[in-house]
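Structure first, then comments.
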Amino acid sequence: MKTLFFWILGISILEIIISLVGQVVFFLKKLQVIKYLHYFVSFAVGTLLGVVFLDILPEAARFLGIEPLFKYTLAGFIAFFILSRFLLWYHCHNGECPKNGSPSLIILGAVTHNFIDGVIIAFAFVADFHLGLITSFAILLHKIPKETSDFFVLIHRGYDKKKALFYNFLAATTIIIGAATAYLFSENMRFIIGPALGIAAGNFLYIAATDLLPELNAKRQKAKTALLQVGFILLGIFIIYFAGINFK
């Protein structure tokens, strides 16, 4: 179990490092990255959907059964919708940030979001090591554009680059707190693993359906671009499927 804890801790730290590197790269090459960002978002959609339907739901069904699982997944979807309304989680679209929301609410939303990501990572690893790895991969792909968006929103609110990066880093560290907390309680609360996975599936579906996909549909695209977006979504699903049949 100690080895598993170090895996969870290491993956959580890696999530923070890669997301921060992504922010720096995005800032240094903003125009070039924005041009191709929708393809990255398409790939993230595919991985999130692949993880939900090919890994999380089948694994959760082993703990819960089908009917209770659907209820927890629905509850997770609704719960994250409510959280998103209260904590104002949002993305900048093509570098343009909405004008509502104070920096403190943005940071609070990031803290909550990262804590929940840590909890999801820990429960996924406790349920199945392979599930933990691919769930972490899917979270990372969503985290990079999410953290980058928070970074630019804070700059838009008047923070300088160093201050925005610092607060984003502090918010990101709560993923470690969430992961450690969930792991420490998981041994005596294994009955909660199934419901937690169902709620996590609802979280991923909410992110893909209401956060990422609308970004792809925000404006009309050329047929070639739309086909490439579909291709990247399918590529994300295929990679999760390939990982599932080869590394379990």
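Residue numbering restarts at 1 in every chain; chains get A, B, ... in the order shown in the structure tokens, and ligands count up from 1 in that same order.
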Closest-contact table, range 46-81 of chain A side, partner range 107-130 of chain A, 9 Å, counting only C-alpha atoms, as a Markdown table:
```
| residue | atom | partner | partner_atom | distance |
| --- | --- | --- | --- | --- |
| A:Ile56 | CA | A:Ala124 | CA | 8.0 |
| A:Glu59 | CA | A:Ala127 | CA | 7.7 |
| A:Ala60 | CA | A:Ala127 | CA | 8.4 |
```
Go ahead and write the residues just picked, C-alpha atoms, as a PDB file, in the first residue's frame.
```
ATOM      1  CA  ILE A  56     -14.327   4.141 -15.098  1.00  0.00           C
ATOM      2  CA  GLU A  59     -14.724  -0.660 -13.084  1.00  0.00           C
ATOM      3  CA  ALA A  60     -17.362   1.111 -10.975  1.00  0.00           C
TER       4      ALA A  60
END
```
Quick one: residues within 9 Å of range 72-87 of chain A, only C-alpha atoms, excluding same-chain residues fewer than 5 positions away - as number ranges by chain? A: 57, 101, 105-106, 108-110, 112, 194-207, 210
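In this structure, CA of Asn217 in chain A sits 12.7 Å away from CA of Val45 in chain A.
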Contacts of range 226-243 of chain A at 12 Å (only C-alpha atoms; same-chain gap of 5+ positions) as a VMD selection string: chain A and resid 36 to 56 130 to 131 133 to 138 141 208 212 to 213 215 to 217 219 to 221 248
For the residues selected in the previous step, produce a file with N, CA and C atoms as a tab-separated table (two decimals), in the first residue's frame.
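Okay, this is what ended up in again-v6.tsv:
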```tsv
chain	number	residue	atom	x	y	z
A	36	TYR	N	-3.78	26.23	-32.73
A	36	TYR	CA	-3.99	24.78	-32.75
A	36	TYR	C	-4.64	24.26	-31.46
A	37	LEU	N	-5.05	25.17	-30.59
A	37	LEU	CA	-5.58	24.75	-29.29
A	37	LEU	C	-6.83	23.88	-29.42
A	38	HIS	N	-7.66	24.16	-30.42
A	38	HIS	CA	-8.91	23.40	-30.55
A	38	HIS	C	-8.65	21.93	-30.86
A	39	TYR	N	-7.50	21.62	-31.47
A	39	TYR	CA	-7.17	20.22	-31.72
A	39	TYR	C	-6.79	19.53	-30.40
A	40	PHE	N	-6.08	20.25	-29.54
A	40	PHE	CA	-5.73	19.72	-28.23
A	40	PHE	C	-7.00	19.48	-27.42
A	41	VAL	N	-7.93	20.43	-27.48
A	41	VAL	CA	-9.20	20.29	-26.77
A	41	VAL	C	-9.98	19.08	-27.30
A	42	SER	N	-9.97	18.89	-28.62
A	42	SER	CA	-10.64	17.74	-29.23
A	42	SER	C	-10.05	16.43	-28.69
A	43	PHE	N	-8.73	16.37	-28.61
A	43	PHE	CA	-8.06	15.18	-28.09
A	43	PHE	C	-8.44	14.94	-26.63
A	44	ALA	N	-8.51	16.03	-25.84
A	44	ALA	CA	-8.90	15.92	-24.44
A	44	ALA	C	-10.32	15.38	-24.30
A	45	VAL	N	-11.22	15.83	-25.17
A	45	VAL	CA	-12.60	15.33	-25.16
A	45	VAL	C	-12.60	13.82	-25.39
A	46	GLY	N	-11.84	13.37	-26.37
A	46	GLY	CA	-11.79	11.94	-26.68
A	46	GLY	C	-11.26	11.12	-25.52
A	47	THR	N	-10.21	11.60	-24.86
A	47	THR	CA	-9.66	10.83	-23.75
A	47	THR	C	-10.62	10.80	-22.56
A	48	LEU	N	-11.28	11.92	-22.29
A	48	LEU	CA	-12.24	11.95	-21.18
A	48	LEU	C	-13.39	10.98	-21.44
A	49	LEU	N	-13.94	11.01	-22.64
A	49	LEU	CA	-15.05	10.11	-22.97
A	49	LEU	C	-14.58	8.66	-22.97
A	50	GLY	N	-13.38	8.43	-23.49
A	50	GLY	CA	-12.84	7.07	-23.51
A	50	GLY	C	-12.66	6.52	-22.11
A	51	VAL	N	-12.09	7.33	-21.21
A	51	VAL	CA	-11.87	6.89	-19.83
A	51	VAL	C	-13.20	6.60	-19.14
A	52	VAL	N	-14.21	7.46	-19.37
A	52	VAL	CA	-15.51	7.26	-18.73
A	52	VAL	C	-16.15	5.95	-19.17
A	53	PHE	N	-16.29	5.77	-20.49
A	53	PHE	CA	-17.09	4.65	-20.99
A	53	PHE	C	-16.31	3.33	-21.11
A	54	LEU	N	-15.00	3.41	-21.24
A	54	LEU	CA	-14.21	2.20	-21.41
A	54	LEU	C	-13.53	1.72	-20.14
A	55	ASP	N	-13.40	2.61	-19.14
A	55	ASP	CA	-12.65	2.23	-17.94
A	55	ASP	C	-13.38	2.53	-16.63
A	56	ILE	N	-13.75	3.79	-16.40
A	56	ILE	CA	-14.33	4.14	-15.10
A	56	ILE	C	-15.67	3.44	-14.87
A	130	HIS	N	-4.16	0.31	-13.17
A	130	HIS	CA	-4.27	0.76	-14.56
A	130	HIS	C	-5.28	1.89	-14.70
A	131	LEU	N	-6.41	1.77	-13.99
A	131	LEU	CA	-7.42	2.83	-14.03
A	131	LEU	C	-6.85	4.13	-13.48
A	133	LEU	N	-3.75	5.17	-13.68
A	133	LEU	CA	-2.85	5.76	-14.67
A	133	LEU	C	-3.60	6.49	-15.78
A	134	ILE	N	-4.60	5.82	-16.37
A	134	ILE	CA	-5.28	6.45	-17.50
A	134	ILE	C	-6.22	7.58	-17.04
A	135	THR	N	-6.74	7.46	-15.81
A	135	THR	CA	-7.54	8.56	-15.27
A	135	THR	C	-6.66	9.78	-15.05
A	136	SER	N	-5.46	9.57	-14.54
A	136	SER	CA	-4.52	10.68	-14.35
A	136	SER	C	-4.16	11.33	-15.68
A	137	PHE	N	-4.01	10.50	-16.71
A	137	PHE	CA	-3.69	11.01	-18.05
A	137	PHE	C	-4.81	11.90	-18.56
A	138	ALA	N	-6.05	11.46	-18.38
A	138	ALA	CA	-7.21	12.25	-18.84
A	138	ALA	C	-7.32	13.55	-18.06
A	141	LEU	N	-4.73	16.09	-19.35
A	141	LEU	CA	-5.07	16.71	-20.63
A	141	LEU	C	-6.10	17.82	-20.45
A	208	ALA	N	-16.50	17.31	-20.37
A	208	ALA	CA	-16.47	17.11	-21.82
A	208	ALA	C	-17.68	17.74	-22.49
A	212	LEU	N	-15.71	21.58	-22.69
A	212	LEU	CA	-14.82	21.43	-23.84
A	212	LEU	C	-15.55	21.40	-25.18
A	213	LEU	N	-16.59	20.59	-25.29
A	213	LEU	CA	-17.31	20.50	-26.57
A	213	LEU	C	-17.91	21.84	-27.01
A	215	GLU	N	-16.68	24.67	-26.58
A	215	GLU	CA	-15.57	25.46	-27.11
A	215	GLU	C	-15.30	25.10	-28.57
A	216	LEU	N	-15.47	23.83	-28.91
A	216	LEU	CA	-15.28	23.40	-30.30
A	216	LEU	C	-16.40	23.90	-31.19
A	217	ASN	N	-17.60	24.06	-30.60
A	217	ASN	CA	-18.76	24.50	-31.38
A	217	ASN	C	-19.01	26.00	-31.30
A	219	LYS	N	-17.75	28.50	-32.83
A	219	LYS	CA	-17.87	29.19	-34.11
A	219	LYS	C	-17.78	28.19	-35.25
A	220	ARG	N	-18.29	28.58	-36.38
A	220	ARG	CA	-18.28	27.70	-37.55
A	220	ARG	C	-16.85	27.44	-37.99
A	221	GLN	N	-16.59	26.20	-38.37
A	221	GLN	CA	-15.27	25.82	-38.83
A	221	GLN	C	-15.36	25.30	-40.26
A	248	LYS	N	-3.63	-3.81	-19.24
A	248	LYS	CA	-4.31	-4.31	-18.04
A	248	LYS	C	-3.67	-5.61	-17.59
```
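Straight-line separation from CA of Leu170 in chain A to CA of Leu4 in chain A: 24.6 Å.
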Write out as a ChimeraX atom specification which residues come within 8 Å of range 159-169 of chain A when counting only C-alpha atoms, dropping same-chain ones fewer than 3 positions away. /A:16,20,107,110,147,150-152,154-156,172-173
For the residues in that selection, give me C-alpha atoms as an mmCIF file, in the first residue's frame.
```cif
data_model
loop_
_atom_site.group_PDB
_atom_site.id
_atom_site.type_symbol
_atom_site.label_atom_id
_atom_site.label_comp_id
_atom_site.auth_asym_id
_atom_site.auth_seq_id
_atom_site.Cartn_x
_atom_site.Cartn_y
_atom_site.Cartn_z
ATOM 1 C CA ILE A 16 1.284 20.115 -11.156
ATOM 2 C CA LEU A 20 2.684 24.749 -15.010
ATOM 3 C CA ILE A 107 -8.619 30.985 -7.243
ATOM 4 C CA ALA A 110 -9.167 26.356 -8.984
ATOM 5 C CA GLU A 147 -4.830 25.950 -15.596
ATOM 6 C CA ASP A 150 -7.056 30.512 -15.014
ATOM 7 C CA PHE A 151 -3.612 32.018 -15.570
ATOM 8 C CA PHE A 152 -4.849 34.351 -18.306
ATOM 9 C CA LEU A 154 -5.890 36.378 -13.444
ATOM 10 C CA ILE A 155 -3.692 38.458 -15.762
ATOM 11 C CA HIS A 156 -6.856 39.910 -17.285
ATOM 12 C CA ALA A 172 -2.582 23.411 -8.070
ATOM 13 C CA THR A 173 -0.927 22.000 -4.928
#
```
Mind giving me the straight-line distance from CA of Ile139 in chain A to CA of Glu15 in chain A in Å, one decimal? 8.3 Å
Write out as a PyMOL selection string the set of residues from range 33-236 of chain A that DSSP, computed on the backbone, places in alpha helix (DSSP H). chain A and resi 33-51+57-64+66-87+103-127+129-156+161-172+174-186+193-206+213-216+223-236
